[in-house]
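Enquirer: Attaching a single structure in structure tokens format; questions to follow.
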Amino acid sequence: MKLSPNNSAQNPLFQKVPRRGKLRDTHITLAHGSGGKAMRDLIDDIFISNFDNPILSQLEDQASFNLASFTQHGDRLAFTTDSYVVDPLFFPGGDIGELAIYGTVNDLAVSGAKPLYLTCSVILEEGLPVETLRCVATSMKIAAQKTGIQIVTGDTKVVQRGAVDKLFINTAGIGVIPAQVAISAHNIQPGDAIIINGELGNHGAAILIARGELALDTDIESDCQPLHNLVETILNVCPGVHAMRDATRGGLATVLNEFAVSSNVGIRLDEKSIPVREEVKGVCEILGLDPLYLANEGKLVVVVRGDNADTVLSAMKSHPAGKDACIIGEVISSPLGIVLLNTIFGAERIVDMLVGDQLPRIC
């Protein structure tokens, strides 16, 4: 048949291929990373269907923005990136997808930024059940909707069986910092108060138990949650917050040691004031762990001037993510770069930086 402009529209060779394909495979294969139809169907059916928005729907190799969408929120960009390799993928209180969204949002929020946009890249192991990936993507969609952030671009790679463990996620996030906010660990001064928004170590303990290596029966769940609205609540009553950080890997102890070194101050904690669930204490005692070093995924360390502490504490307690907030210590002038702990026995000990890793692959 001779093709011409007059009959080409009716010929099936010239019909536009539908963009949305239905993924029929039950497991990930190397073809899903090949750049061909299998990969297109995977992206359309799993990712585009969940993350669709006006920017992502352009399906370009990058996301482009109107600069006015940034300047209406502030005068500086906050930009962060993180990777998530948690084992297991699903755990009490969350999963790797939710963790990836909330973790990136929280990294932006602790700078005082309003989180706006996020990228998502996944590395998939050959043989991963498609239904597992679908559940993770759905969880990410729900978490993104809760936080108001948009997933605007991404990437998919597939590697041979055994080259990764099921599924790894990498994200990058962009937010905007309001003009009057200048949060930094370098701002900390003697006399400042240290506040945390609730119990420590729940995430680390939940992951450990979820791995099934211990015959423990507890109801400990991860504290995986977004903190951007809590941060907004804090800044509404105290725009001059000195420092703020989420206590993830390395826990509270690592954050405070970083603070002490960055501002060349000392920090003193009161063990009686630090909230830790009895079940978490029990897990730590059995395994010889210290809850001060256990990972968290919904805990915020805030440092403010001492005369602002009660105001900030009251505001935090008014928010669901900060209802258990408490003052746990103070900044002191010496010893420089050292974190001290007044123990429940009346003694004093140094809380040093973590050496090694108490619990690998917790986020």
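Naming scheme: A, B, ... for chains in displayed order of the structure tokens; residues 1 onward per chain; ligands 1 onward as shown.
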Would you mind writing down, as number ranges by chain, each residue of range 159-259 of chain A that DSSP on the backbone assigns to helix (DSSP H, G or I)?
Expert: A: 185-187, 202-210, 228-237, 251-259
Enquirer: So that I have them on file, write out the residues from the current selection with N, CA, C and O atoms, as a CSV table (one decimal), in the first residue's frame.
Expert:
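part.csv was written with the following content:
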chain,number,residue,atom,x,y,z
A,185,ALA,N,23.6,26.0,63.0
A,185,ALA,CA,24.3,25.4,64.2
A,185,ALA,C,25.3,26.4,64.7
A,185,ALA,O,25.7,26.4,65.9
A,186,HIS,N,25.8,27.3,63.9
A,186,HIS,CA,26.8,28.3,64.3
A,186,HIS,C,26.2,29.4,65.1
A,186,HIS,O,26.9,30.3,65.7
A,187,ASN,N,24.9,29.5,65.3
A,187,ASN,CA,24.2,30.5,66.1
A,187,ASN,C,24.2,30.2,67.6
A,187,ASN,O,23.8,31.1,68.4
A,202,ASN,N,12.4,5.4,68.9
A,202,ASN,CA,11.3,4.5,68.5
A,202,ASN,C,11.6,3.9,67.1
A,202,ASN,O,11.3,2.7,66.8
A,203,HIS,N,12.1,4.7,66.2
A,203,HIS,CA,12.4,4.2,64.8
A,203,HIS,C,13.4,3.1,64.8
A,203,HIS,O,13.2,2.1,64.2
A,204,GLY,N,14.6,3.4,65.4
A,204,GLY,CA,15.6,2.4,65.5
A,204,GLY,C,15.2,1.1,66.1
A,204,GLY,O,15.5,0.0,65.6
A,205,ALA,N,14.5,1.2,67.2
A,205,ALA,CA,14.0,0.0,67.8
A,205,ALA,C,13.0,-0.8,67.0
A,205,ALA,O,13.0,-2.0,66.9
A,206,ALA,N,12.1,0.0,66.3
A,206,ALA,CA,11.1,-0.7,65.5
A,206,ALA,C,11.7,-1.4,64.3
A,206,ALA,O,11.3,-2.5,63.9
A,207,ILE,N,12.7,-0.8,63.7
A,207,ILE,CA,13.4,-1.4,62.6
A,207,ILE,C,14.1,-2.7,63.0
A,207,ILE,O,14.1,-3.8,62.4
A,208,LEU,N,14.8,-2.6,64.2
A,208,LEU,CA,15.5,-3.8,64.7
A,208,LEU,C,14.6,-4.9,64.9
A,208,LEU,O,14.9,-6.1,64.6
A,209,ILE,N,13.4,-4.7,65.5
A,209,ILE,CA,12.5,-5.8,65.8
A,209,ILE,C,11.8,-6.3,64.6
A,209,ILE,O,11.6,-7.5,64.4
A,210,ALA,N,11.6,-5.4,63.6
A,210,ALA,CA,11.0,-5.8,62.3
A,210,ALA,C,11.8,-6.8,61.5
A,210,ALA,O,11.3,-7.5,60.7
A,228,HIS,N,7.4,19.6,59.0
A,228,HIS,CA,7.4,21.0,58.5
A,228,HIS,C,6.3,21.9,59.1
A,228,HIS,O,6.5,23.1,59.3
A,229,ASN,N,5.1,21.3,59.4
A,229,ASN,CA,4.1,22.1,60.1
A,229,ASN,C,4.5,22.5,61.5
A,229,ASN,O,4.2,23.6,62.0
A,230,LEU,N,5.2,21.5,62.2
A,230,LEU,CA,5.6,21.8,63.6
A,230,LEU,C,6.7,23.0,63.5
A,230,LEU,O,6.7,23.9,64.4
A,231,VAL,N,7.6,22.9,62.5
A,231,VAL,CA,8.6,23.9,62.4
A,231,VAL,C,7.9,25.3,62.1
A,231,VAL,O,8.3,26.3,62.7
A,232,GLU,N,6.9,25.3,61.3
A,232,GLU,CA,6.2,26.5,61.0
A,232,GLU,C,5.5,27.1,62.3
A,232,GLU,O,5.5,28.3,62.5
A,233,THR,N,5.0,26.2,63.1
A,233,THR,CA,4.4,26.6,64.4
A,233,THR,C,5.4,27.3,65.3
A,233,THR,O,5.2,28.3,66.0
A,234,ILE,N,6.6,26.7,65.3
A,234,ILE,CA,7.7,27.2,66.2
A,234,ILE,C,8.1,28.6,65.7
A,234,ILE,O,8.3,29.5,66.5
A,235,LEU,N,8.3,28.7,64.4
A,235,LEU,CA,8.8,30.0,63.8
A,235,LEU,C,7.8,31.1,63.9
A,235,LEU,O,8.1,32.3,63.9
A,236,ASN,N,6.5,30.7,64.0
A,236,ASN,CA,5.5,31.7,64.2
A,236,ASN,C,5.6,32.5,65.5
A,236,ASN,O,5.2,33.6,65.6
A,237,VAL,N,6.1,31.7,66.5
A,237,VAL,CA,6.2,32.4,67.8
A,237,VAL,C,7.7,32.8,68.1
A,237,VAL,O,7.9,33.6,69.0
A,251,GLY,N,21.2,9.6,66.0
A,251,GLY,CA,20.3,10.0,67.1
A,251,GLY,C,20.7,11.4,67.7
A,251,GLY,O,21.4,12.2,67.1
A,252,LEU,N,20.1,11.6,68.9
A,252,LEU,CA,20.3,12.9,69.6
A,252,LEU,C,21.7,13.2,69.9
A,252,LEU,O,22.2,14.3,69.7
A,253,ALA,N,22.5,12.1,70.3
A,253,ALA,CA,23.9,12.4,70.7
A,253,ALA,C,24.7,12.9,69.5
A,253,ALA,O,25.5,13.9,69.7
A,254,THR,N,24.5,12.4,68.3
A,254,THR,CA,25.3,12.9,67.2
A,254,THR,C,24.9,14.4,66.8
A,254,THR,O,25.8,15.2,66.6
A,255,VAL,N,23.6,14.7,66.8
A,255,VAL,CA,23.2,16.1,66.6
A,255,VAL,C,23.8,17.0,67.5
A,255,VAL,O,24.3,18.1,67.2
A,256,LEU,N,23.8,16.7,68.8
A,256,LEU,CA,24.3,17.7,69.8
A,256,LEU,C,25.8,17.8,69.8
A,256,LEU,O,26.3,18.9,70.0
A,257,ASN,N,26.5,16.7,69.4
A,257,ASN,CA,27.9,16.8,69.3
A,257,ASN,C,28.3,17.7,68.1
A,257,ASN,O,29.2,18.5,68.1
A,258,GLU,N,27.5,17.6,67.0
A,258,GLU,CA,27.7,18.5,65.9
A,258,GLU,C,27.4,19.9,66.2
A,258,GLU,O,28.2,20.8,65.8
A,259,PHE,N,26.4,20.2,67.0
A,259,PHE,CA,26.1,21.5,67.5
A,259,PHE,C,27.2,22.1,68.3
A,259,PHE,O,27.6,23.2,68.1
Enquirer: Running DSSP on the backbone, which parts of range 120-261 of chain A land in strand (DSSP E or B), as a count of residues only?
Expert: 36
Enquirer: Check the smallest atom-to-atom distance from each of A:Thr71, A:Leu287, A:Asp219, A:Arg268 to Gly93 in chain A using only C-alpha atoms, then report the winner.
Expert: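 Of the candidates, the smallest distance to Gly93 in chain A is held by A:Asp219.
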Enquirer: Report the distance between CA of Leu89 in chain A and CA of Lys299 in chain A in Å, rounded to one decimal place.
Expert: 20.6 Å
Enquirer: Which value, in Å to one decimal, gives the distance between CA of Ser184 in chain A and CA of Gly337 in chain A?
Expert: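 One can read the CA of Ser184 in chain A to CA of Gly337 in chain A distance as 16.1 Å.
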Enquirer: Which residues are near Ile48 in chain A? Cut-off 9 Å, only C-alpha atoms, ignore same chain within fewer than 5 positions. Put them as a ChimeraX atom specification.
Expert: /A:20,43,53,56-57
Enquirer: Take the selection from the previous step and output its residues with C-alpha atoms, as a compact mmCIF listing (two decimals), in the first residue's frame.
Expert:
# COMPACT_ATOMS: atom_id res chain seq x y z
CA ARG A 20 -0.16 5.24 29.48
CA ILE A 43 7.04 4.45 34.68
CA ASN A 53 1.15 16.90 38.40
CA LEU A 56 5.87 16.02 35.98
CA SER A 57 3.33 15.48 33.19
Enquirer: So that I can check the surroundings of Gln150 in chain A, please list as a PyMOL selection string every protein, DNA and RNA residue that reaches within 10 Å of it, counting only C-alpha atoms and ignoring chain neighbours fewer than 6 positions away.
Expert: chain A and resi 51-56+115-119+141+144+173
Enquirer: Please report the interatomic distance between CA of Leu214 in chain A and CA of Gly198 in chain A in Å with one decimal.
Expert: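 Taking CA of Leu214 in chain A as the start and CA of Gly198 in chain A as the end point, the length is 25.8 Å.
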Enquirer: Of the candidates A:Val339, A:Ile142, A:Ala215, A:Val304, which one gets nearest to Val283 in chain A if we count only C-alpha atoms?
Expert: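 Ranked by minimum distance to Val283 in chain A, first place goes to A:Ala215.
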Enquirer: Need to verify the contact set: Asn170 in chain A, 12 Å, only C-alpha atoms, exclusion of same-chain residues closer than 5 positions in sequence. Can you return it as a list in words?
Expert: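 Here the qualifying residues turn out to be Thr80, Thr81, Asp82, Ser83, Tyr84, Val85, Val86, Ile96, Gly97, Leu99, Ala100, Ile101, Gly103, Thr104, Leu118, Thr119, Cys120, Ser121, Val122, Ile123, Leu124, Thr153, Gly154, Asp155, Thr156, Lys157 and Cys363 of chain A.
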Enquirer: Skipping near chain neighbours, those fewer than 6 positions away, what residues fall within 6 Å of range 341-349 of chain A using only C-alpha atoms, listed as JSON, numbers by chain?
Expert: {"A": [268, 269, 270, 271, 272]}
Enquirer: Keeping only all heavy atoms, write the selected residues as an mmCIF file, in the first residue's frame.
Expert:
data_model
loop_
_atom_site.group_PDB
_atom_site.id
_atom_site.type_symbol
_atom_site.label_atom_id
_atom_site.label_comp_id
_atom_site.auth_asym_id
_atom_site.auth_seq_id
_atom_site.Cartn_x
_atom_site.Cartn_y
_atom_site.Cartn_z
ATOM 1 N N ARG A 268 25.001 20.580 78.148
ATOM 2 C CA ARG A 268 24.718 19.704 79.284
ATOM 3 C C ARG A 268 23.281 19.204 79.191
ATOM 4 O O ARG A 268 22.348 20.002 79.069
ATOM 5 C CB ARG A 268 24.937 20.424 80.612
ATOM 6 C CG ARG A 268 24.579 19.542 81.821
ATOM 7 C CD ARG A 268 24.820 20.221 83.159
ATOM 8 N NE ARG A 268 26.253 20.259 83.473
ATOM 9 C CZ ARG A 268 26.985 21.361 83.549
ATOM 10 N NH1 ARG A 268 26.402 22.539 83.301
ATOM 11 N NH2 ARG A 268 28.252 21.318 83.851
ATOM 12 N N LEU A 269 23.115 17.888 79.265
ATOM 13 C CA LEU A 269 21.802 17.251 79.218
ATOM 14 C C LEU A 269 21.421 16.733 80.591
ATOM 15 O O LEU A 269 22.287 16.381 81.403
ATOM 16 C CB LEU A 269 21.812 16.082 78.228
ATOM 17 C CG LEU A 269 22.141 16.387 76.775
ATOM 18 C CD1 LEU A 269 22.220 15.094 75.974
ATOM 19 C CD2 LEU A 269 21.104 17.330 76.178
ATOM 20 N N ASP A 270 20.121 16.633 80.803
ATOM 21 C CA ASP A 270 19.583 16.052 82.036
ATOM 22 C C ASP A 270 18.899 14.736 81.671
ATOM 23 O O ASP A 270 17.863 14.742 81.001
ATOM 24 C CB ASP A 270 18.597 17.014 82.688
ATOM 25 C CG ASP A 270 17.963 16.440 83.945
ATOM 26 O OD1 ASP A 270 18.495 15.445 84.489
ATOM 27 O OD2 ASP A 270 16.923 16.980 84.381
ATOM 28 N N GLU A 271 19.486 13.603 82.062
ATOM 29 C CA GLU A 271 18.951 12.309 81.655
ATOM 30 C C GLU A 271 17.507 12.123 82.090
ATOM 31 O O GLU A 271 16.704 11.512 81.374
ATOM 32 C CB GLU A 271 19.817 11.179 82.213
ATOM 33 C CG GLU A 271 19.424 9.806 81.688
ATOM 34 C CD GLU A 271 20.369 8.718 82.134
ATOM 35 O OE1 GLU A 271 21.100 8.913 83.135
ATOM 36 O OE2 GLU A 271 20.381 7.645 81.490
ATOM 37 N N LYS A 272 17.135 12.630 83.258
ATOM 38 C CA LYS A 272 15.770 12.461 83.753
ATOM 39 C C LYS A 272 14.754 13.151 82.850
ATOM 40 O O LYS A 272 13.579 12.773 82.844
ATOM 41 C CB LYS A 272 15.658 13.017 85.186
ATOM 42 C CG LYS A 272 16.476 12.281 86.225
ATOM 43 C CD LYS A 272 16.112 12.711 87.633
ATOM 44 C CE LYS A 272 16.369 14.192 87.870
ATOM 45 N NZ LYS A 272 17.823 14.517 87.830
#
Enquirer: Which is closest to Thr132 in chain A among A:Gln145, A:Leu42, A:His27, A:Glu98, if we use only C-alpha atoms?
Expert: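 Among A:Gln145, A:Leu42, A:His27, A:Glu98, it is A:His27 that comes nearest to Thr132 in chain A.
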Enquirer: Might you pull out every residue within 8 Å of range 181-183 of chain A, with only C-alpha atoms counted and same-chain residues fewer than 2 positions away left off, and present them as a list in words?
Expert: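 Counting only the stated atoms, we get Val110, Ser111, Gly112, Ile177, Pro178, Ala179, Ala185, Asn187, Pro239, Gly240, Val241, His242, Ala243 and Met244 of chain A.
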Enquirer: Go ahead and dump the residues you just picked, N, CA, C and O atoms, as a PDB file, in the first residue's frame.
Expert:
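Okay, this is what ended up in again_23.pdb:
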ATOM      1  N   VAL A 110      13.966  21.823  58.640  1.00  0.00           N
ATOM      2  CA  VAL A 110      14.796  22.250  59.767  1.00  0.00           C
ATOM      3  C   VAL A 110      15.670  23.455  59.419  1.00  0.00           C
ATOM      4  O   VAL A 110      16.287  24.049  60.315  1.00  0.00           O
ATOM      5  N   SER A 111      15.711  23.836  58.148  1.00  0.00           N
ATOM      6  CA  SER A 111      16.376  25.089  57.784  1.00  0.00           C
ATOM      7  C   SER A 111      15.397  26.260  57.864  1.00  0.00           C
ATOM      8  O   SER A 111      15.786  27.406  57.637  1.00  0.00           O
ATOM      9  N   GLY A 112      14.142  25.942  58.161  1.00  0.00           N
ATOM     10  CA  GLY A 112      13.092  26.952  58.156  1.00  0.00           C
ATOM     11  C   GLY A 112      12.407  27.086  56.826  1.00  0.00           C
ATOM     12  O   GLY A 112      11.526  27.935  56.650  1.00  0.00           O
ATOM     13  N   ILE A 177      13.369  29.559  51.920  1.00  0.00           N
ATOM     14  CA  ILE A 177      13.517  30.042  53.290  1.00  0.00           C
ATOM     15  C   ILE A 177      13.022  31.486  53.374  1.00  0.00           C
ATOM     16  O   ILE A 177      13.472  32.339  52.590  1.00  0.00           O
ATOM     17  N   PRO A 178      12.116  31.784  54.312  1.00  0.00           N
ATOM     18  CA  PRO A 178      11.647  33.164  54.488  1.00  0.00           C
ATOM     19  C   PRO A 178      12.793  34.115  54.852  1.00  0.00           C
ATOM     20  O   PRO A 178      13.783  33.705  55.468  1.00  0.00           O
ATOM     21  N   ALA A 179      12.644  35.368  54.502  1.00  0.00           N
ATOM     22  CA  ALA A 179      13.725  36.349  54.660  1.00  0.00           C
ATOM     23  C   ALA A 179      14.184  36.505  56.102  1.00  0.00           C
ATOM     24  O   ALA A 179      15.362  36.715  56.374  1.00  0.00           O
ATOM     25  N   ALA A 185      23.613  25.958  63.006  1.00  0.00           N
ATOM     26  CA  ALA A 185      24.293  25.441  64.199  1.00  0.00           C
ATOM     27  C   ALA A 185      25.327  26.433  64.712  1.00  0.00           C
ATOM     28  O   ALA A 185      25.712  26.381  65.886  1.00  0.00           O
ATOM     29  N   ASN A 187      24.877  29.477  65.285  1.00  0.00           N
ATOM     30  CA  ASN A 187      24.233  30.539  66.064  1.00  0.00           C
ATOM     31  C   ASN A 187      24.162  30.229  67.559  1.00  0.00           C
ATOM     32  O   ASN A 187      23.816  31.101  68.355  1.00  0.00           O
ATOM     33  N   PRO A 239      10.736  33.522  65.463  1.00  0.00           N
ATOM     34  CA  PRO A 239      11.479  33.509  64.200  1.00  0.00           C
ATOM     35  C   PRO A 239      12.990  33.415  64.397  1.00  0.00           C
ATOM     36  O   PRO A 239      13.715  32.997  63.492  1.00  0.00           O
ATOM     37  N   GLY A 240      13.462  33.798  65.593  1.00  0.00           N
ATOM     38  CA  GLY A 240      14.897  33.807  65.860  1.00  0.00           C
ATOM     39  C   GLY A 240      15.434  32.515  66.442  1.00  0.00           C
ATOM     40  O   GLY A 240      16.377  32.545  67.245  1.00  0.00           O
ATOM     41  N   VAL A 241      14.863  31.371  66.070  1.00  0.00           N
ATOM     42  CA  VAL A 241      15.411  30.083  66.504  1.00  0.00           C
ATOM     43  C   VAL A 241      16.882  30.019  66.110  1.00  0.00           C
ATOM     44  O   VAL A 241      17.259  30.349  64.980  1.00  0.00           O
ATOM     45  N   HIS A 242      17.732  29.598  67.045  1.00  0.00           N
ATOM     46  CA  HIS A 242      19.162  29.551  66.751  1.00  0.00           C
ATOM     47  C   HIS A 242      19.538  28.365  65.880  1.00  0.00           C
ATOM     48  O   HIS A 242      20.256  28.505  64.891  1.00  0.00           O
ATOM     49  N   ALA A 243      19.081  27.176  66.239  1.00  0.00           N
ATOM     50  CA  ALA A 243      19.459  25.972  65.487  1.00  0.00           C
ATOM     51  C   ALA A 243      18.328  24.960  65.548  1.00  0.00           C
ATOM     52  O   ALA A 243      17.534  24.950  66.499  1.00  0.00           O
ATOM     53  N   MET A 244      18.298  24.093  64.540  1.00  0.00           N
ATOM     54  CA  MET A 244      17.256  23.078  64.464  1.00  0.00           C
ATOM     55  C   MET A 244      17.774  21.936  63.593  1.00  0.00           C
ATOM     56  O   MET A 244      18.419  22.167  62.571  1.00  0.00           O
TER      57      MET A 244
END
Enquirer: Here is a test: counting only C-alpha atoms, which residue of A:Asp75, A:Gly329, A:Val303, A:Ile151 is nearest to Gln62 in chain A?
Expert: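 Looking at the shortest contact to Gln62 in chain A, the residue is A:Ile151.
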Enquirer: Looking at only C-alpha atoms, which of A:Ser262, A:Glu279, A:Ile194, A:Glu221 is the one that sits closest to Glu297 in chain A?
Expert: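 Closest candidate: A:Glu221.
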Enquirer: Rank A:Leu294, A:Ile196, A:Ala68, A:Met140 by their smallest atom-to-atom distance to Thr171 in chain A, using only C-alpha atoms, and report the top residue only.
Expert: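 Result for the nearest residue to Thr171 in chain A: A:Met140.
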